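The structure appears below as structure tokens.
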Amino acid sequence: MNWKTTIVICTVILLLAASVISVIHLTEPKAQRTSASKRTAMLIEVTQGERGTFQPEILVTGTVRPEKEIILSPRVSGEIVTVSESFTPGGFVEEGEVLLQIDPSDYEVILLQRKSELLQASAELELELGRQDLALKDYKELEGTISSEYKSLVLRAPQLNTARSRVEAAEAAVRRAELDLERTRIRAPFSAHIINRQANKGSQVSPGEALGKLVGVKHYWVEAAVPVSSLRWIDFSEGRDTSGSGAQIRNRAGWPEDSFREGSVHHLIGELENQTRLARVLLTVADPLSHEPESAGLPPLMIGSFVEARIAGIPLQDVTRINRDYVRKDDTIWINEDGVLKIRDLEVVFRDDEFAYIREGLSATDQVIMTNLATVFDGAALRLAESTP
């Protein structure tokens, strides 16, 4: 076979191959674009609010302080000869109870001296009164011959005044000696709990020296920090006879979970805290150490402890209460209206740590969406879960 025949055969093969490729290309199926996603209604759970009058709770924290606190000190000096068994750290004493006795011997002697001086001054006054009678008789006999400006001298008026002043001074000295003798018995100024004792039998003490620290047992204070915006919802007491808003005090760190103490709002301290800019409110708790029978079994408050208080606010009338987590950004709420999402603006009156209280924008029949949705817009399709709390 020559070369011309080879060229012809190759040419025919190439033409046949090109024809086959063209036929395949012209007859291959074409891909059609179809939708890869289908829009479905979002699955939600709903709840409803409550309409009515509610008393919100204001959750605050604070520190326990004593209502009465003193450093006991003597008013006279001397040696302590007796110490009461009750005067010990942790002990309880009643008002007027003698806690310490300073040696009274020196003060008893001084009192006897002052009484003796009073008797002497009284006797001198009696003598001077006798002299007054004689001077009056002499003056009557010489009447008309003595100028009136010398009358007081003749009648011994200066001597009488001096005698009377000595008696008064002696009486004051006796009273002072009696007071000093009484002050050798150091008494509790009020019913108190003993925090510490700094003196013992045999100690030499002087006026103003610290003998111990006492705190009152009738009431303790809880100094709580409250947001300024919450103050208008708190009823403040004007005195001990009128109680303000009630409060429940809990010590989460030291008490059982269900234990609490009842208290009430006492006063608003008219100064904000420097760092937090929160208002300071005093709560008062009666019988804080559970010393009285009616408080038996209640946990005692400890001075300096950090506690939590729930203050009962002023009642809110004609509002709708809903869990505060369902109030969305910018005070809006998501409502399910016949399977369609609606976004409403709210007038929120107050929020506590659990609920939001709404005046306008929500009724008790509205279906509030509990579910957190990724895509939120008015008119979005919704469908309810099979079981909704």
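Identifiers in this document derive from the order of the structure tokens: chains are assigned A, B, ..., residues are numbered from 1 separately in each chain, and ligands are numbered from 1 in order of occurrence.
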
Helix (DSSP H, G or I) residues, from DSSP on the backbone, in stretch 172-226 of chain A, as a count of residues only: 12

Near-A:Met302 list (9 Å; only C-alpha atoms; drop same-chain fewer than 6 positions) as a PyMOL selection string: chain A and resi 64-65+288-289

Contact residues around A:Glu337 with only C-alpha atoms at 12 Å, ignoring same-chain residues under 2 positions, as a ChimeraX atom specification: /A:46,334-335,339-344,365-369,378-384

Determine, counting only C-alpha atoms, which protein, DNA and RNA residues have an atom within 12 Å of an atom of A:Leu301; residues of the same chain fewer than 4 positions away are not included. Present the result as a PDB file with N, CA and C atoms, in the first residue's frame.
ATOM      1  N   THR A  63     -25.959  44.613 103.641  1.00  0.00           N
ATOM      2  CA  THR A  63     -25.092  44.167 104.734  1.00  0.00           C
ATOM      3  C   THR A  63     -25.797  44.400 106.059  1.00  0.00           C
ATOM      4  N   VAL A  64     -25.672  43.452 106.973  1.00  0.00           N
ATOM      5  CA  VAL A  64     -26.323  43.528 108.275  1.00  0.00           C
ATOM      6  C   VAL A  64     -25.540  44.470 109.185  1.00  0.00           C
ATOM      7  N   ARG A  65     -26.273  45.415 109.808  1.00  0.00           N
ATOM      8  CA  ARG A  65     -25.677  46.372 110.743  1.00  0.00           C
ATOM      9  C   ARG A  65     -26.476  46.372 112.040  1.00  0.00           C
ATOM     10  N   PRO A  66     -25.845  46.654 113.184  1.00  0.00           N
ATOM     11  CA  PRO A  66     -26.615  46.775 114.431  1.00  0.00           C
ATOM     12  C   PRO A  66     -27.346  48.112 114.473  1.00  0.00           C
ATOM     13  N   VAL A 217     -30.301  44.024 120.967  1.00  0.00           N
ATOM     14  CA  VAL A 217     -30.883  42.780 120.472  1.00  0.00           C
ATOM     15  C   VAL A 217     -32.317  42.957 119.985  1.00  0.00           C
ATOM     16  N   HIS A 219     -33.495  45.085 117.529  1.00  0.00           N
ATOM     17  CA  HIS A 219     -33.568  45.219 116.073  1.00  0.00           C
ATOM     18  C   HIS A 219     -32.155  45.259 115.485  1.00  0.00           C
ATOM     19  N   TYR A 220     -32.033  44.733 114.260  1.00  0.00           N
ATOM     20  CA  TYR A 220     -30.853  44.924 113.416  1.00  0.00           C
ATOM     21  C   TYR A 220     -31.309  45.649 112.153  1.00  0.00           C
ATOM     22  N   TRP A 221     -30.349  46.290 111.509  1.00  0.00           N
ATOM     23  CA  TRP A 221     -30.598  46.928 110.222  1.00  0.00           C
ATOM     24  C   TRP A 221     -29.923  46.129 109.109  1.00  0.00           C
ATOM     25  N   VAL A 222     -30.534  46.172 107.933  1.00  0.00           N
ATOM     26  CA  VAL A 222     -29.891  45.705 106.705  1.00  0.00           C
ATOM     27  C   VAL A 222     -29.765  46.918 105.792  1.00  0.00           C
ATOM     28  N   ILE A 249     -35.654  38.530 104.072  1.00  0.00           N
ATOM     29  CA  ILE A 249     -34.193  38.550 104.065  1.00  0.00           C
ATOM     30  C   ILE A 249     -33.690  37.114 104.053  1.00  0.00           C
ATOM     31  N   ARG A 250     -32.762  36.825 103.155  1.00  0.00           N
ATOM     32  CA  ARG A 250     -32.175  35.499 103.035  1.00  0.00           C
ATOM     33  C   ARG A 250     -30.659  35.600 103.022  1.00  0.00           C
ATOM     34  N   ASN A 251     -30.034  34.596 103.604  1.00  0.00           N
ATOM     35  CA  ASN A 251     -28.573  34.459 103.545  1.00  0.00           C
ATOM     36  C   ASN A 251     -28.279  33.183 102.765  1.00  0.00           C
ATOM     37  N   GLY A 254     -25.303  30.953 104.159  1.00  0.00           N
ATOM     38  CA  GLY A 254     -25.291  30.328 105.475  1.00  0.00           C
ATOM     39  C   GLY A 254     -26.581  29.688 105.927  1.00  0.00           C
ATOM     40  N   TRP A 255     -27.692  29.941 105.256  1.00  0.00           N
ATOM     41  CA  TRP A 255     -28.981  29.411 105.698  1.00  0.00           C
ATOM     42  C   TRP A 255     -29.485  28.340 104.744  1.00  0.00           C
ATOM     43  N   SER A 259     -35.161  29.036 104.175  1.00  0.00           N
ATOM     44  CA  SER A 259     -35.157  29.849 105.392  1.00  0.00           C
ATOM     45  C   SER A 259     -35.060  31.326 105.044  1.00  0.00           C
ATOM     46  N   PHE A 260     -35.809  32.146 105.783  1.00  0.00           N
ATOM     47  CA  PHE A 260     -35.753  33.591 105.595  1.00  0.00           C
ATOM     48  C   PHE A 260     -36.233  34.273 106.870  1.00  0.00           C
ATOM     49  N   ARG A 261     -35.963  35.581 106.984  1.00  0.00           N
ATOM     50  CA  ARG A 261     -36.428  36.401 108.096  1.00  0.00           C
ATOM     51  C   ARG A 261     -37.301  37.523 107.547  1.00  0.00           C
ATOM     52  N   GLU A 262     -38.353  37.829 108.303  1.00  0.00           N
ATOM     53  CA  GLU A 262     -39.243  38.910 107.911  1.00  0.00           C
ATOM     54  C   GLU A 262     -38.678  40.243 108.405  1.00  0.00           C
ATOM     55  N   GLY A 263     -38.768  41.252 107.556  1.00  0.00           N
ATOM     56  CA  GLY A 263     -38.353  42.597 107.921  1.00  0.00           C
ATOM     57  C   GLY A 263     -39.248  43.618 107.255  1.00  0.00           C
ATOM     58  N   THR A 284     -35.325  46.989 108.606  1.00  0.00           N
ATOM     59  CA  THR A 284     -35.214  46.635 110.011  1.00  0.00           C
ATOM     60  C   THR A 284     -35.782  45.247 110.243  1.00  0.00           C
ATOM     61  N   VAL A 285     -35.099  44.471 111.083  1.00  0.00           N
ATOM     62  CA  VAL A 285     -35.506  43.109 111.417  1.00  0.00           C
ATOM     63  C   VAL A 285     -35.613  43.013 112.930  1.00  0.00           C
ATOM     64  N   ALA A 286     -36.784  42.599 113.432  1.00  0.00           N
ATOM     65  CA  ALA A 286     -36.993  42.469 114.869  1.00  0.00           C
ATOM     66  C   ALA A 286     -36.410  41.159 115.381  1.00  0.00           C
ATOM     67  N   ASP A 287     -35.914  41.200 116.628  1.00  0.00           N
ATOM     68  CA  ASP A 287     -35.326  40.026 117.284  1.00  0.00           C
ATOM     69  C   ASP A 287     -34.388  39.291 116.333  1.00  0.00           C
ATOM     70  N   PRO A 288     -33.346  39.944 115.847  1.00  0.00           N
ATOM     71  CA  PRO A 288     -32.497  39.348 114.801  1.00  0.00           C
ATOM     72  C   PRO A 288     -31.726  38.118 115.250  1.00  0.00           C
ATOM     73  N   LEU A 289     -31.511  37.963 116.556  1.00  0.00           N
ATOM     74  CA  LEU A 289     -30.730  36.828 117.050  1.00  0.00           C
ATOM     75  C   LEU A 289     -31.625  35.680 117.515  1.00  0.00           C
ATOM     76  N   SER A 290     -32.933  35.775 117.228  1.00  0.00           N
ATOM     77  CA  SER A 290     -33.892  34.722 117.603  1.00  0.00           C
ATOM     78  C   SER A 290     -33.801  34.429 119.099  1.00  0.00           C
ATOM     79  N   HIS A 291     -33.736  35.508 119.891  1.00  0.00           N
ATOM     80  CA  HIS A 291     -33.584  35.370 121.336  1.00  0.00           C
ATOM     81  C   HIS A 291     -34.926  35.181 122.030  1.00  0.00           C
ATOM     82  N   SER A 295     -39.499  33.743 118.120  1.00  0.00           N
ATOM     83  CA  SER A 295     -38.564  33.620 116.994  1.00  0.00           C
ATOM     84  C   SER A 295     -37.786  32.307 117.028  1.00  0.00           C
ATOM     85  N   SER A 305     -22.717  40.279 107.812  1.00  0.00           N
ATOM     86  CA  SER A 305     -22.993  39.281 106.781  1.00  0.00           C
ATOM     87  C   SER A 305     -23.672  39.929 105.579  1.00  0.00           C
ATOM     88  N   PHE A 306     -23.445  39.347 104.414  1.00  0.00           N
ATOM     89  CA  PHE A 306     -24.000  39.822 103.142  1.00  0.00           C
ATOM     90  C   PHE A 306     -25.265  39.022 102.856  1.00  0.00           C
ATOM     91  N   VAL A 307     -26.401  39.716 102.723  1.00  0.00           N
ATOM     92  CA  VAL A 307     -27.684  39.039 102.585  1.00  0.00           C
ATOM     93  C   VAL A 307     -28.424  39.556 101.357  1.00  0.00           C
ATOM     94  N   GLU A 308     -29.470  38.807 101.005  1.00  0.00           N
ATOM     95  CA  GLU A 308     -30.348  39.166  99.896  1.00  0.00           C
ATOM     96  C   GLU A 308     -31.717  39.521 100.467  1.00  0.00           C
TER      97      GLU A 308
END

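Atom to atom, atom CA of A:Asn274 and atom CA of A:Ala225 stand 11.6 Å apart.
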
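Shell of A:Ala177 at 6 Å, with only C-alpha atoms counted and residues fewer than 3 places along the chain excluded, is Leu111, Val174 and Asp180 of chain A.
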
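Proximity to A:Ile58 was assessed for A:Val327, A:Ile314, A:Val376, A:Val12 counting only C-alpha atoms; the smallest distance is recorded for A:Ile314.
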
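Neighbours of A:Glu79 closer than or equal to 10 Å, with only C-alpha atoms counted and sequence neighbours fewer than 4 positions away skipped, come out as Gln101, Ile102, Asp103, Pro104, Thr184, Asn200, Lys201, Gly202, Ser203, Gln204, Val205 and Ser206 of chain A.
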
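Shortest atom-to-atom contact with A:Val98 among A:Ala312, A:Val83, A:Leu125, A:Ala17: A:Val83, counting only C-alpha atoms.
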
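Among the candidates A:Leu298, A:Val81, A:Ile186, A:Val319, the one nearest to A:Ser363 when counting only C-alpha atoms is A:Val319.
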